Every structure is written in structure tokens, then in C-alpha cells.
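What follows is structure.csv (CSV, C-alpha atoms and all ligand atoms).
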```csv
chain,number,residue,atom,x,y,z
A,27,MET,CA,-1.3,16.0,-10.2
A,28,GLU,CA,0.8,13.9,-12.5
A,29,PHE,CA,0.6,10.4,-11.1
A,30,ILE,CA,-2.9,10.4,-9.5
A,31,LYS,CA,-6.4,11.4,-10.6
A,32,VAL,CA,-8.6,12.9,-7.9
A,33,THR,CA,-12.5,13.2,-8.1
A,34,GLU,CA,-13.6,15.1,-5.0
A,35,GLN,CA,-17.3,14.2,-5.4
A,36,TYR,CA,-17.2,10.8,-7.3
A,37,GLN,CA,-20.6,10.2,-5.6
A,38,PRO,CA,-22.1,12.6,-3.0
A,39,GLY,CA,-19.7,12.5,0.0
A,40,ILE,CA,-17.3,10.1,-1.6
A,41,ALA,CA,-13.9,11.1,-3.0
A,42,LEU,CA,-11.9,8.9,-5.4
A,43,ILE,CA,-8.1,8.8,-5.7
A,44,GLN,CA,-6.9,6.8,-8.7
A,45,LEU,CA,-3.2,5.9,-8.8
A,46,ASN,CA,-2.2,6.6,-12.4
A,47,ARG,CA,1.1,5.2,-13.5
A,48,PRO,CA,-0.3,2.3,-15.5
A,49,LYS,CA,2.8,1.5,-17.6
A,50,GLU,CA,4.8,1.0,-14.4
A,51,LEU,CA,1.9,-1.0,-12.7
A,52,ASN,CA,1.4,2.1,-10.4
A,53,ALA,CA,4.8,1.7,-8.8
A,54,LEU,CA,4.8,4.1,-6.0
A,55,ASN,CA,7.5,6.7,-6.6
A,56,LYS,CA,8.3,9.6,-4.4
A,57,GLN,CA,6.2,12.2,-6.3
A,58,LEU,CA,3.2,9.9,-6.5
A,59,MET,CA,3.2,9.4,-2.7
A,60,GLU,CA,3.6,13.2,-2.2
A,61,GLU,CA,0.6,13.7,-4.3
A,62,VAL,CA,-1.3,11.1,-2.3
A,63,ARG,CA,-0.2,12.8,1.0
A,64,ASP,CA,-1.3,16.3,-0.2
A,65,THR,CA,-4.6,15.0,-1.5
A,66,LEU,CA,-5.4,13.1,1.7
A,67,GLN,CA,-4.7,16.2,3.8
A,68,LEU,CA,-7.1,18.3,1.6
A,69,LEU,CA,-9.8,15.7,1.6
A,70,ASP,CA,-9.6,15.2,5.3
A,71,LYS,CA,-10.3,18.9,5.8
A,72,ASN,CA,-13.1,19.0,3.2
A,73,GLU,CA,-16.4,18.7,5.1
A,74,GLU,CA,-18.2,17.6,1.9
A,75,VAL,CA,-16.1,14.5,1.8
A,76,ARG,CA,-17.2,11.6,4.2
A,77,VAL,CA,-15.3,8.6,2.8
A,78,ILE,CA,-12.3,8.2,0.5
A,79,ILE,CA,-11.7,5.4,-2.0
A,80,ILE,CA,-8.3,4.7,-3.3
A,81,THR,CA,-7.9,2.5,-6.4
A,82,GLY,CA,-5.5,1.7,-9.2
A,83,ASP,CA,-6.6,0.0,-12.4
A,84,GLU,CA,-7.7,-3.5,-13.4
A,85,ARG,CA,-4.1,-4.7,-13.9
A,86,ALA,CA,-2.6,-3.2,-10.8
A,87,PHE,CA,-3.5,-1.5,-7.6
A,88,ALA,CA,0.3,-1.0,-7.1
A,89,ALA,CA,3.3,-3.3,-7.7
A,90,GLY,CA,5.2,-1.8,-4.9
A,91,ALA,CA,7.5,1.2,-4.2
A,92,ASP,CA,9.5,2.2,-7.2
A,93,ILE,CA,12.5,-0.2,-7.3
A,94,LYS,CA,14.2,1.9,-10.0
A,95,GLN,CA,14.2,4.9,-7.7
A,96,MET,CA,15.7,3.1,-4.7
A,97,ALA,CA,17.9,0.4,-6.3
A,98,ASN,CA,21.3,2.1,-5.7
A,99,LYS,CA,20.6,4.0,-2.5
A,100,SER,CA,22.8,3.4,0.6
A,101,ALA,CA,21.3,2.7,4.0
A,102,ILE,CA,22.3,6.3,5.0
A,103,ASP,CA,20.7,7.8,1.9
A,104,MET,CA,17.5,6.0,2.8
A,105,LEU,CA,17.6,7.2,6.4
A,106,LEU,CA,18.4,10.8,5.5
A,107,ILE,CA,16.1,11.3,2.5
A,108,ASP,CA,13.4,9.7,4.5
A,109,GLN,CA,11.1,9.9,1.5
A,110,PHE,CA,8.9,7.2,3.0
A,111,SER,CA,7.7,9.5,5.7
A,112,THR,CA,5.1,10.8,3.2
A,113,TRP,CA,3.5,7.3,3.7
A,114,ASP,CA,2.6,8.2,7.3
A,115,GLN,CA,-0.2,10.5,6.1
A,116,ILE,CA,-2.3,7.4,5.1
A,117,ARG,CA,-2.5,6.3,8.7
A,118,LYS,CA,-3.0,9.9,9.9
A,119,THR,CA,-6.1,10.4,7.8
A,120,LYS,CA,-9.1,10.7,10.0
A,121,LYS,CA,-11.8,9.8,7.4
A,122,PRO,CA,-12.3,6.2,6.5
A,123,ILE,CA,-10.4,5.0,3.5
A,124,ILE,CA,-11.4,2.0,1.4
A,125,ALA,CA,-8.9,0.4,-1.0
A,126,ALA,CA,-10.5,-0.9,-4.2
A,127,VAL,CA,-8.0,-3.4,-5.4
A,128,SER,CA,-7.7,-5.3,-8.7
A,129,GLY,CA,-4.6,-7.0,-10.1
A,130,PHE,CA,-1.2,-6.7,-8.3
A,131,ALA,CA,-1.0,-5.3,-4.7
A,132,LEU,CA,2.6,-6.2,-4.0
A,133,GLY,CA,5.2,-5.0,-1.6
A,134,GLY,CA,4.5,-1.3,-0.8
A,135,GLY,CA,1.2,-1.8,-2.8
A,136,CYS,CA,0.0,-4.5,-0.4
A,137,GLU,CA,1.2,-2.3,2.5
A,138,PHE,CA,-0.6,0.7,1.1
A,139,ALA,CA,-3.8,-1.3,0.8
A,140,MET,CA,-3.4,-2.6,4.4
A,141,MET,CA,-2.9,1.0,5.7
A,142,CYS,CA,-6.4,1.7,4.4
A,143,ASP,CA,-9.3,0.8,6.6
A,144,MET,CA,-11.0,-1.8,4.4
A,145,ILE,CA,-10.2,-3.6,1.2
A,146,ILE,CA,-12.6,-4.6,-1.5
A,147,ALA,CA,-10.9,-6.9,-4.0
A,148,SER,CA,-11.6,-8.0,-7.5
A,149,GLU,CA,-11.4,-11.8,-8.2
A,150,THR,CA,-8.2,-11.0,-10.2
A,151,ALA,CA,-6.4,-9.3,-7.3
A,152,LYS,CA,-3.0,-10.8,-6.1
A,153,PHE,CA,-1.5,-9.8,-2.8
A,154,GLY,CA,2.1,-10.4,-1.7
A,155,GLN,CA,5.2,-9.1,0.0
A,156,PRO,CA,7.9,-10.1,-2.6
A,157,GLU,CA,10.7,-7.8,-1.2
A,158,ILE,CA,12.7,-10.9,-0.1
A,159,LYS,CA,13.2,-11.7,-3.8
A,160,ILE,CA,15.0,-8.4,-4.3
A,161,GLY,CA,17.2,-8.7,-1.2
A,162,THR,CA,15.2,-6.6,1.2
A,163,ILE,CA,12.2,-6.8,3.5
A,164,PRO,CA,8.9,-5.0,3.8
A,165,GLY,CA,9.4,-1.5,5.1
A,166,ALA,CA,5.9,0.1,5.3
A,167,GLY,CA,4.3,-2.1,7.8
A,168,GLY,CA,4.1,-5.4,6.0
A,169,THR,CA,5.8,-7.4,8.8
A,170,GLN,CA,3.4,-5.9,11.3
A,171,ARG,CA,0.1,-5.4,9.6
A,172,LEU,CA,0.1,-8.6,7.5
A,173,THR,CA,1.0,-10.6,10.6
A,174,LYS,CA,-2.0,-9.0,12.5
A,175,ALA,CA,-4.3,-9.6,9.5
A,176,VAL,CA,-3.5,-13.2,8.5
A,177,GLY,CA,-1.6,-14.6,11.5
A,178,LYS,CA,2.0,-15.6,12.1
A,179,ALA,CA,2.2,-18.8,10.0
A,180,LYS,CA,0.8,-17.3,6.8
A,181,ALA,CA,2.7,-14.0,7.2
A,182,MET,CA,5.9,-16.0,7.6
A,183,GLU,CA,5.1,-18.0,4.5
A,184,LEU,CA,4.3,-14.9,2.4
A,185,ILE,CA,7.2,-12.7,3.6
A,186,LEU,CA,9.9,-15.4,3.7
A,187,THR,CA,9.0,-16.8,0.2
A,188,GLY,CA,7.7,-13.7,-1.5
A,189,ARG,CA,4.7,-15.8,-2.8
A,190,PHE,CA,1.5,-14.1,-3.9
A,191,ILE,CA,-2.0,-15.1,-2.7
A,192,SER,CA,-5.2,-14.8,-4.7
A,193,ALA,CA,-8.1,-12.6,-3.7
A,194,GLU,CA,-10.0,-15.6,-2.5
A,195,GLU,CA,-7.2,-16.8,-0.2
A,196,ALA,CA,-6.8,-13.2,1.0
A,197,HIS,CA,-10.5,-13.2,1.9
A,198,PHE,CA,-10.2,-16.6,3.6
A,199,TYR,CA,-7.4,-15.2,5.8
A,200,GLY,CA,-9.3,-12.0,6.6
A,201,LEU,CA,-7.0,-9.6,4.7
A,202,VAL,CA,-9.9,-8.3,2.5
A,203,ASN,CA,-13.5,-7.5,3.3
A,204,LYS,CA,-15.1,-8.8,0.1
A,205,VAL,CA,-14.2,-10.3,-3.3
A,206,VAL,CA,-16.3,-9.5,-6.3
A,207,PRO,CA,-16.0,-10.0,-10.1
A,208,VAL,CA,-13.6,-7.6,-11.7
A,209,GLU,CA,-16.2,-5.4,-13.3
A,210,MET,CA,-17.8,-4.8,-9.8
A,211,TYR,CA,-14.9,-4.0,-7.5
A,212,LEU,CA,-15.1,-0.2,-7.7
A,213,HIS,CA,-18.9,-0.3,-7.6
A,214,GLU,CA,-18.8,-2.5,-4.5
A,215,ALA,CA,-16.4,-0.1,-2.8
A,216,VAL,CA,-18.7,2.8,-3.6
A,217,GLU,CA,-21.7,0.8,-2.1
A,218,LEU,CA,-19.7,0.3,1.1
A,219,ALA,CA,-18.7,4.0,1.1
A,220,LYS,CA,-22.3,5.1,0.6
A,221,GLU,CA,-23.4,3.2,3.7
A,222,ILE,CA,-20.8,4.9,5.8
A,223,ALA,CA,-21.2,8.3,4.3
A,224,GLN,CA,-24.8,8.5,5.5
A,225,LEU,CA,-23.7,8.1,9.2
A,226,SER,CA,-22.5,10.6,11.7
A,227,PRO,CA,-19.0,11.7,10.5
A,228,VAL,CA,-18.0,12.4,14.1
A,229,ALA,CA,-19.0,9.0,15.3
A,230,VAL,CA,-17.3,7.4,12.2
A,231,GLN,CA,-14.1,9.2,12.9
A,232,LEU,CA,-14.1,8.4,16.6
A,233,ALA,CA,-14.9,4.7,15.9
A,234,LYS,CA,-12.0,4.5,13.4
A,235,GLU,CA,-9.7,6.1,15.9
A,236,ALA,CA,-10.7,3.7,18.6
A,237,ILE,CA,-10.3,0.6,16.4
A,238,ASN,CA,-6.8,1.7,15.4
A,239,ARG,CA,-5.9,2.4,19.0
A,240,SER,CA,-6.5,-1.3,19.8
A,241,PHE,CA,-3.1,-2.1,18.4
A,242,GLU,CA,-1.4,1.2,17.8
A,243,THR,CA,1.2,1.4,20.7
A,244,GLN,CA,2.6,-2.0,19.9
A,245,LEU,CA,2.3,-1.2,16.2
A,246,ASP,CA,4.4,2.0,16.6
A,247,GLU,CA,7.3,0.1,18.1
A,248,GLY,CA,7.0,-2.7,15.5
A,249,LEU,CA,7.0,-0.2,12.7
A,250,ALA,CA,10.1,1.6,14.0
A,251,PHE,CA,11.9,-1.7,14.3
A,252,GLU,CA,10.9,-2.8,10.8
A,253,ARG,CA,11.9,0.5,9.2
A,254,LYS,CA,15.4,0.4,10.7
A,255,ASN,CA,15.8,-3.2,9.4
A,256,PHE,CA,14.5,-2.2,6.0
A,257,TYR,CA,17.1,0.6,5.8
A,258,LEU,CA,19.8,-1.8,7.0
A,259,THR,CA,19.2,-4.1,4.0
A,260,PHE,CA,20.5,-1.2,1.9
A,261,ALA,CA,23.9,-1.8,3.5
A,262,SER,CA,24.0,-5.2,1.8
A,263,ALA,CA,25.3,-6.3,-1.5
A,264,ASP,CA,22.3,-8.6,-1.8
A,265,GLN,CA,19.9,-5.6,-1.9
A,266,LYS,CA,21.9,-4.0,-4.7
A,267,GLU,CA,22.1,-7.2,-6.6
A,268,GLY,CA,18.4,-8.0,-6.1
A,269,MET,CA,17.1,-4.6,-7.1
A,270,ASN,CA,19.5,-4.2,-10.0
A,271,ALA,CA,18.7,-7.7,-11.3
A,272,PHE,CA,15.0,-6.7,-11.4
A,273,VAL,CA,15.8,-3.4,-13.2
A,274,GLU,CA,18.1,-5.4,-15.7
A,275,LYS,CA,15.5,-8.1,-16.1
A,276,ARG,CA,17.7,-11.0,-15.0
A,277,LYS,CA,17.8,-13.5,-12.1
A,278,PRO,CA,19.6,-12.3,-9.0
A,279,SER,CA,22.6,-14.1,-7.6
A,280,PHE,CA,22.7,-13.6,-3.8
A,281,THR,CA,26.0,-13.9,-1.9
A,282,GLY,CA,24.9,-13.3,1.7
A,283,ARG,CA,27.0,-10.1,1.9
A,301,LIG,N1,9.1,-0.6,-9.3
A,301,LIG,C1,9.5,-0.1,-10.5
A,301,LIG,N2,9.0,-0.5,-11.7
A,301,LIG,C2,8.1,-1.6,-11.7
A,301,LIG,C3,7.8,-2.2,-10.4
A,301,LIG,C4,8.3,-1.6,-9.2
A,301,LIG,N3,7.9,-2.0,-8.0
A,301,LIG,N4,6.9,-3.2,-10.7
A,301,LIG,C5,6.8,-3.2,-12.1
A,301,LIG,N5,7.5,-2.2,-12.6
A,301,LIG,C6,7.6,-1.9,-14.1
A,301,LIG,C7,8.5,-3.0,-14.8
A,301,LIG,O1,9.9,-2.7,-14.6
A,301,LIG,C8,8.0,-2.8,-16.2
A,301,LIG,O2,8.6,-1.6,-16.7
A,301,LIG,P1,9.3,-1.6,-18.2
A,301,LIG,O3,10.3,-2.7,-18.2
A,301,LIG,O4,8.1,-1.8,-19.1
A,301,LIG,O5,9.9,-0.2,-18.3
A,301,LIG,C9,6.6,-2.5,-16.0
A,301,LIG,O6,6.4,-2.0,-14.7
A,301,LIG,C10,5.7,-3.7,-16.2
A,301,LIG,O7,6.2,-4.8,-15.4
A,301,LIG,P2,6.6,-6.2,-15.9
A,301,LIG,O8,7.1,-6.2,-17.3
A,301,LIG,O9,7.5,-6.8,-14.9
A,301,LIG,O10,5.2,-7.0,-15.8
A,301,LIG,P3,4.9,-8.5,-15.6
A,301,LIG,O11,3.4,-8.7,-15.8
A,301,LIG,O12,5.8,-9.4,-16.3
A,301,LIG,O13,5.2,-8.7,-14.0
A,301,LIG,C11,5.1,-8.1,-11.6
A,301,LIG,C12,4.4,-8.1,-13.0
A,301,LIG,C13,4.3,-7.3,-10.7
A,301,LIG,C14,5.1,-9.6,-11.1
A,301,LIG,C15,6.6,-7.7,-11.7
A,301,LIG,O14,6.6,-6.4,-12.4
A,301,LIG,C16,7.2,-7.5,-10.4
A,301,LIG,O15,7.7,-8.5,-9.8
A,301,LIG,N6,7.3,-6.3,-9.9
A,301,LIG,C17,8.1,-6.0,-8.7
A,301,LIG,C18,7.3,-6.4,-7.5
A,301,LIG,C19,8.1,-6.1,-6.2
A,301,LIG,O16,9.1,-6.6,-6.0
A,301,LIG,N7,7.5,-5.2,-5.4
A,301,LIG,C20,8.2,-4.8,-4.1
A,301,LIG,C21,9.1,-3.6,-4.3
A,301,LIG,S1,9.9,-3.1,-2.8
A,301,LIG,C22,8.7,2.0,3.0
A,301,LIG,C23,7.6,2.2,2.1
A,301,LIG,C24,7.4,1.3,1.1
A,301,LIG,C25,8.4,0.3,0.8
A,301,LIG,C26,9.5,0.2,1.7
A,301,LIG,C27,9.6,1.1,2.8
A,301,LIG,N8,8.8,2.9,4.2
A,301,LIG,C28,7.7,3.7,4.6
A,301,LIG,C29,10.1,2.9,4.9
A,301,LIG,C30,8.2,-0.6,-0.3
A,301,LIG,C31,9.1,-1.4,-0.9
A,301,LIG,C32,8.7,-2.1,-2.0
A,301,LIG,O17,7.6,-2.1,-2.5
```
Could I get this file's structure written as C-alpha cells?
Ligand code: DAK
Amino acid sequence: MEFIKVTEQYQPGIALIQLNRPKELNALNKQLMEEVRDTLQLLDKNEEVRVIIITGDERAFAAGADIKQMANKSAIDMLLIDQFSTWDQIRKTKKPIIAAVSGFALGGGCEFAMMCDMIIASETAKFGQPEIKIGTIPGAGGTQRLTKAVGKAKAMELILTGRFISAEEAHFYGLVNKVVPVEMYLHEAVELAKEIAQLSPVAVQLAKEAINRSFETQLDEGLAFERKNFYLTFASADQKEGMNAFVEKRKPSFTGR
């Protein structure tokens, strides 16, 4: 594994996946997500593992999908490569997943955290869907899951402006389970995992499945709609301009084309 570190028994019954591209703020490139997918599949089959924790580092959980990797792709490239299908494994995983988030959880990073079952945040965590600032829209469930988590008004504000919210605000809106000082966020995630790891793994799996079912049919339709619109933004000059401006470290100039 090049971009993640995996500890199968971080504590008895608890596996830890650490995203490990610190210089790029754990930007989620294709290979990293393939490594996450393969690891989740293995951990899901491993009977010694009861709960999985996914974390980044203090500065970033993940600052989004890798903009440099997708900046110049066409809508058809995006559709055909379908590299993002690897993300589907996160929601297919049967065991509970806790995201332990510090620093930036933006774009695909925020969506990744929301695909997990619970989020423990450090006081320094910042959540947001800033895709609009680079000429695109959330593509991994942000328009659906954020809206369900925080309500329509706040989701509109965050997605249409690209603003970030603090951990405290995220907690107020019900996006995260608990906020703790930065030196405690992983410890707190482990404490939560330990409590779940003692319980019947069968009951835990069935409970998770049932909770997810409460909104899954609607969610599937919403996700398909969102993904098509996300790919469609790659047919616009504004997406090229927005992403290239980020890569070239300048302000984008949008033309509405
Ligand atoms: N991609 C690539 N590189 C990134 C990156 C990203 N998302 N975020 C940061 N980096 C890189 C920076 O380019 C920089 O690299 P060097 O210049 O040193 O080579 C390094 O990380 C440090 O970043 P900064 O110098 O910018 O650090 P600052 O502290 O000044 O700013 C920041 C931190 C997080 C505010 C800033 O880096 C930033 O705005 N980052 C981009 C945030 C963003 O726009 N994220 C959304 C990306 S779009 C899908 C699945 C997923 C997605 C879509 C579809 N499907 C399943 C269909 C997801 C899309 C996205 O996430």
C-alpha cells in the first residue's frame, strides 16, 4: 500500500486505515481509493475485525478528490473511466466504519466522511463542499447526504457558496457525533469502536443495514442523478477553468460556458 497505512488490530477487534498522502492533504487519487476499496473488502471478511476506523492526520482528513488528476478530463472520459465506482465499496462495507476527522474534510473528503457510519471530529476539523469554486458540483453523495444530515437550508448554503463549517457548527447541525480536543479525536473514535466491538457482530451488521435502508431507495436515485450532473460539469469550460486555476494557483474567471 502506497497511500494508506493499515493496522488490522489497532486495538483488539478494531482495524485502523490511515490515509497517507500528507503533502497533498490526503487528496483522494485513483490509487488511494483502490487501496481503500481493497482493504475494506479484506477487513469486511476478517472475523477478527469488528469495527473499522478511517482517519487522516491532524492537518487533513482529506481535501477532496485529486483535482490534478481530473482537471482536464472530458465528461465522456469521466463516464467511461468510471474511476469513482471504487468509492461504492465504502457504502457496501457491512462492518461499522467510524471516521476520525481532524483538519480539512472537503469535497470528496467530506463525502467520504459522510459515507462512514459515524464521525468523531477534532476541534480543528473543517467540513465543506467547495466544488462550486472550481466549476463543478459534489459527485460522491454530497448533495444527498449533506442535505439529509444538516437540512436543506444549510446544505444549500454550503454547496452553493463552497463555505467551510467548523467542527462545532457541524456538531450543532448533526453532521458529526462528537467534537473533542485535537489530541483526543483518535482516542475518542477508539472508545466508541470498543463499545461496539463488544456487541454481537451479527446484530451490529443487521442494525447498520436496517438504518441505511431507511433512506437507501431514495438515495440511490439521488446519487445517480447527482453523478450524471457531476460528469456533465466536465463538458463546461468553467470546470476546466476552475480546476486549472486551482492547479496553477490563480483565481478562476468563469464565463458561464
Ligand atoms: N487535489 C489535489 N491537490 C490538492 C487538493 C486536491 N483536492 N487539495 C490540496 N492539494 C494540494 C495543493 O495543490 C498543494 O500541493 P502543492 O502545491 O504543494 O504541490 C498541497 O495539497 C497543499 O495545499 P495548499 O497549499 O492549497 O494548502 P492551504 O493550506 O493553502 O489550503 C485548502 C488548503 C484545503 C483550503 C486548499 O488546498 C484547497 O482549497 N484544496 C482544494 C479543496 C477542494 O476544492 N476540494 C474539492 C475537490 S473536487 C465522485 C467522487 C468524488 C468526487 C467527485 C465525484 N464520484 C464517486 C462520482 C470529489 C470531487 C472533489 O473532491
As a list in words, please: every protein or nucleic acid residue near ligand LIG 301 (chain A) (cut-off 7 Å, counting all atoms listed in the file).
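Taking all atoms listed in the file into account, the residues around ligand LIG 301 (chain A) at most 7 Å away are Lys49, Glu50, Leu51, Ala53, Ala89, Gly90, Ala91, Asp92, Ile93, Lys94, Phe110, Ser111, Trp113, Phe130, Leu132, Gly133, Gly134, Gly135, Gln155, Pro156, Glu157, Lys159, Ile160, Pro164, Gly165, Ala166, Arg253, Phe256 and Val273 of chain A.
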Restricting the calculation to all atoms listed in the file: of A:Leu68, A:Ile102, A:Leu186, A:Met141, which residue gets closest to A:Ile158?
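Comparing A:Leu68, A:Ile102, A:Leu186, A:Met141 against A:Ile158, the winner is A:Leu186.
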Find the residues around stretch 170-175 of chain A up to 7 Å (all atoms listed in the file counted), leave out those fewer than 4 positions away in its own chain, and share them as an mmCIF file with C-alpha atoms, keeping the file's coordinate frame.
```cif
data_model
loop_
_atom_site.group_PDB
_atom_site.id
_atom_site.type_symbol
_atom_site.label_atom_id
_atom_site.label_comp_id
_atom_site.auth_asym_id
_atom_site.auth_seq_id
_atom_site.Cartn_x
_atom_site.Cartn_y
_atom_site.Cartn_z
ATOM 1 C CA MET A 140 -3.400 -2.600 4.400
ATOM 2 C CA ALA A 181 2.700 -14.000 7.200
ATOM 3 C CA GLY A 200 -9.300 -12.000 6.600
ATOM 4 C CA LEU A 201 -7.000 -9.600 4.700
ATOM 5 C CA LEU A 245 2.300 -1.200 16.200
ATOM 6 C CA GLY A 248 7.000 -2.700 15.500
ATOM 7 C CA LEU A 249 7.000 -0.200 12.700
#
```
What does the distance between atom CA of A:Ile191 and atom CA of A:Tyr211 come to in Å, to one decimal place?
17.7 Å
Between A:Gln231, A:Thr33, A:Asn46, A:Asn255, which residue has the minimum interatomic distance to A:Met59, considering all atoms listed in the file?
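Of A:Gln231, A:Thr33, A:Asn46, A:Asn255, the one nearest A:Met59 is A:Asn46, counting all atoms listed in the file.
Closest approach to A:Arg85 among A:Arg47, A:Lys277, A:His213, A:Lys204: A:Arg47, based on all atoms listed in the file.
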Interatomic distance (Å, one decimal) between atom CA of A:Ala196 and atom CA of A:Lys254
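A separation of 27.8 Å between them.
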A:Glu195, A:Glu60, A:Asp108, A:Asp143: which is nearest A:Ile237, counting all atoms listed in the file?
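Using all atoms listed in the file, A:Ile237 sits closest to A:Asp143.
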For atom CA of A:Gln224 and atom CA of A:Met144, quote the distance in Å rounded to one decimal.
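About the pair atom CA of A:Gln224 and atom CA of A:Met144: they are 17.3 Å apart.
Of the residues listed (A:Glu149, A:Asp64, A:Glu221, A:Asp103), A:Asp64 shows the shortest atom-to-atom separation from A:Gln115; distances use all atoms listed in the file.
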Report as a list in words all protein, DNA and RNA residues lying within 8 Å of A:Gly82, evaluated on only C-alpha atoms, omitting residues in the same chain fewer than 5 positions from it.
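Non-adjacent residues within range: Gln44, Leu45, Asn46, Asn52, Phe87, Ala88, Ala126, Val127 and Ser128 of chain A.
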Kindly assemble as a tab-separated table a list of the stretch 134-236 of chain A residues that lie within 12 Å of stretch 119-125 of chain A, each paired with its nearest atom pair and their distance in Å to one decimal, using all atoms listed in the file, sorted first by chain and then by ascending residue number.
```
residue	atom	partner	partner_atom	distance
A:Gly135	CA	A:Ala125	CA	10.5
A:Cys136	CA	A:Ala125	CA	10.2
A:Glu137	CA	A:Ala125	CA	11.0
A:Phe138	CA	A:Ala125	CA	8.6
A:Ala139	CA	A:Ala125	CA	5.7
A:Met140	CA	A:Ala125	CA	8.3
A:Met141	CA	A:Ile123	CA	8.8
A:Cys142	CA	A:Ile123	CA	5.3
A:Asp143	CA	A:Ile123	CA	5.3
A:Met144	CA	A:Ile124	CA	4.9
A:Ile145	CA	A:Ala125	CA	4.7
A:Ile146	CA	A:Ala125	CA	6.2
A:Ala147	CA	A:Ala125	CA	8.1
A:Ser148	CA	A:Ala125	CA	11.0
A:Ala151	CA	A:Ala125	CA	11.8
A:Leu201	CA	A:Ala125	CA	11.7
A:Val202	CA	A:Ala125	CA	9.4
A:Asn203	CA	A:Ile124	CA	9.9
A:Lys204	CA	A:Ala125	CA	11.1
A:Tyr211	CA	A:Ala125	CA	9.9
A:Leu212	CA	A:Ala125	CA	9.1
A:His213	CA	A:Ile124	CA	11.9
A:Glu214	CA	A:Ile124	CA	10.5
A:Ala215	CA	A:Ile124	CA	6.9
A:Val216	CA	A:Ile124	CA	8.9
A:Glu217	CA	A:Ile124	CA	10.9
A:Leu218	CA	A:Ile124	CA	8.5
A:Ala219	CA	A:Ile124	CA	7.6
A:Lys220	CA	A:Ile124	CA	11.4
A:Glu221	CA	A:Pro122	CA	11.8
A:Ile222	CA	A:Pro122	CA	8.6
A:Ala223	CA	A:Pro122	CA	9.4
A:Leu225	CA	A:Pro122	CA	11.9
A:Ser226	CA	A:Lys121	CA	11.6
A:Pro227	CA	A:Lys121	CA	8.1
A:Val228	CA	A:Lys121	CA	9.5
A:Ala229	CA	A:Lys121	CA	10.7
A:Val230	CA	A:Pro122	CA	7.7
A:Gln231	CA	A:Lys120	CA	6.0
A:Leu232	CA	A:Lys120	CA	8.6
A:Ala233	CA	A:Pro122	CA	9.9
A:Lys234	CA	A:Pro122	CA	7.1
A:Glu235	CA	A:Lys120	CA	7.5
A:Ala236	CA	A:Lys120	CA	11.2
```
Which residue gives the smallest distance to A:Ile116 among A:Glu61, A:Glu84, A:Glu34, A:Glu28, with only C-alpha atoms counted?
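Ranking A:Glu61, A:Glu84, A:Glu34, A:Glu28 by distance to A:Ile116, first place goes to A:Glu61.
Residues of protein, DNA or RNA having at least one counted atom within 9 Å of (20.7, -2.4, -3.5), given all atoms listed in the file, are A:Met96, A:Ala97, A:Asn98, A:Lys99, A:Ser100, A:Ile160, A:Gly161, A:Thr162, A:Thr259, A:Phe260, A:Ala261, A:Ser262, A:Ala263, A:Asp264, A:Gln265, A:Lys266, A:Glu267, A:Gly268, A:Met269, A:Asn270.
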Requested write-out: C-alpha atoms of the selected residues, as a PDB file, in the coordinates of the input:
```pdb
ATOM      1  CA  MET A  96      15.700   3.100  -4.700  1.00  0.00           C
ATOM      2  CA  ALA A  97      17.900   0.400  -6.300  1.00  0.00           C
ATOM      3  CA  ASN A  98      21.300   2.100  -5.700  1.00  0.00           C
ATOM      4  CA  LYS A  99      20.600   4.000  -2.500  1.00  0.00           C
ATOM      5  CA  SER A 100      22.800   3.400   0.600  1.00  0.00           C
ATOM      6  CA  ILE A 160      15.000  -8.400  -4.300  1.00  0.00           C
ATOM      7  CA  GLY A 161      17.200  -8.700  -1.200  1.00  0.00           C
ATOM      8  CA  THR A 162      15.200  -6.600   1.200  1.00  0.00           C
ATOM      9  CA  THR A 259      19.200  -4.100   4.000  1.00  0.00           C
ATOM     10  CA  PHE A 260      20.500  -1.200   1.900  1.00  0.00           C
ATOM     11  CA  ALA A 261      23.900  -1.800   3.500  1.00  0.00           C
ATOM     12  CA  SER A 262      24.000  -5.200   1.800  1.00  0.00           C
ATOM     13  CA  ALA A 263      25.300  -6.300  -1.500  1.00  0.00           C
ATOM     14  CA  ASP A 264      22.300  -8.600  -1.800  1.00  0.00           C
ATOM     15  CA  GLN A 265      19.900  -5.600  -1.900  1.00  0.00           C
ATOM     16  CA  LYS A 266      21.900  -4.000  -4.700  1.00  0.00           C
ATOM     17  CA  GLU A 267      22.100  -7.200  -6.600  1.00  0.00           C
ATOM     18  CA  GLY A 268      18.400  -8.000  -6.100  1.00  0.00           C
ATOM     19  CA  MET A 269      17.100  -4.600  -7.100  1.00  0.00           C
ATOM     20  CA  ASN A 270      19.500  -4.200 -10.000  1.00  0.00           C
TER      21      ASN A 270
END
```
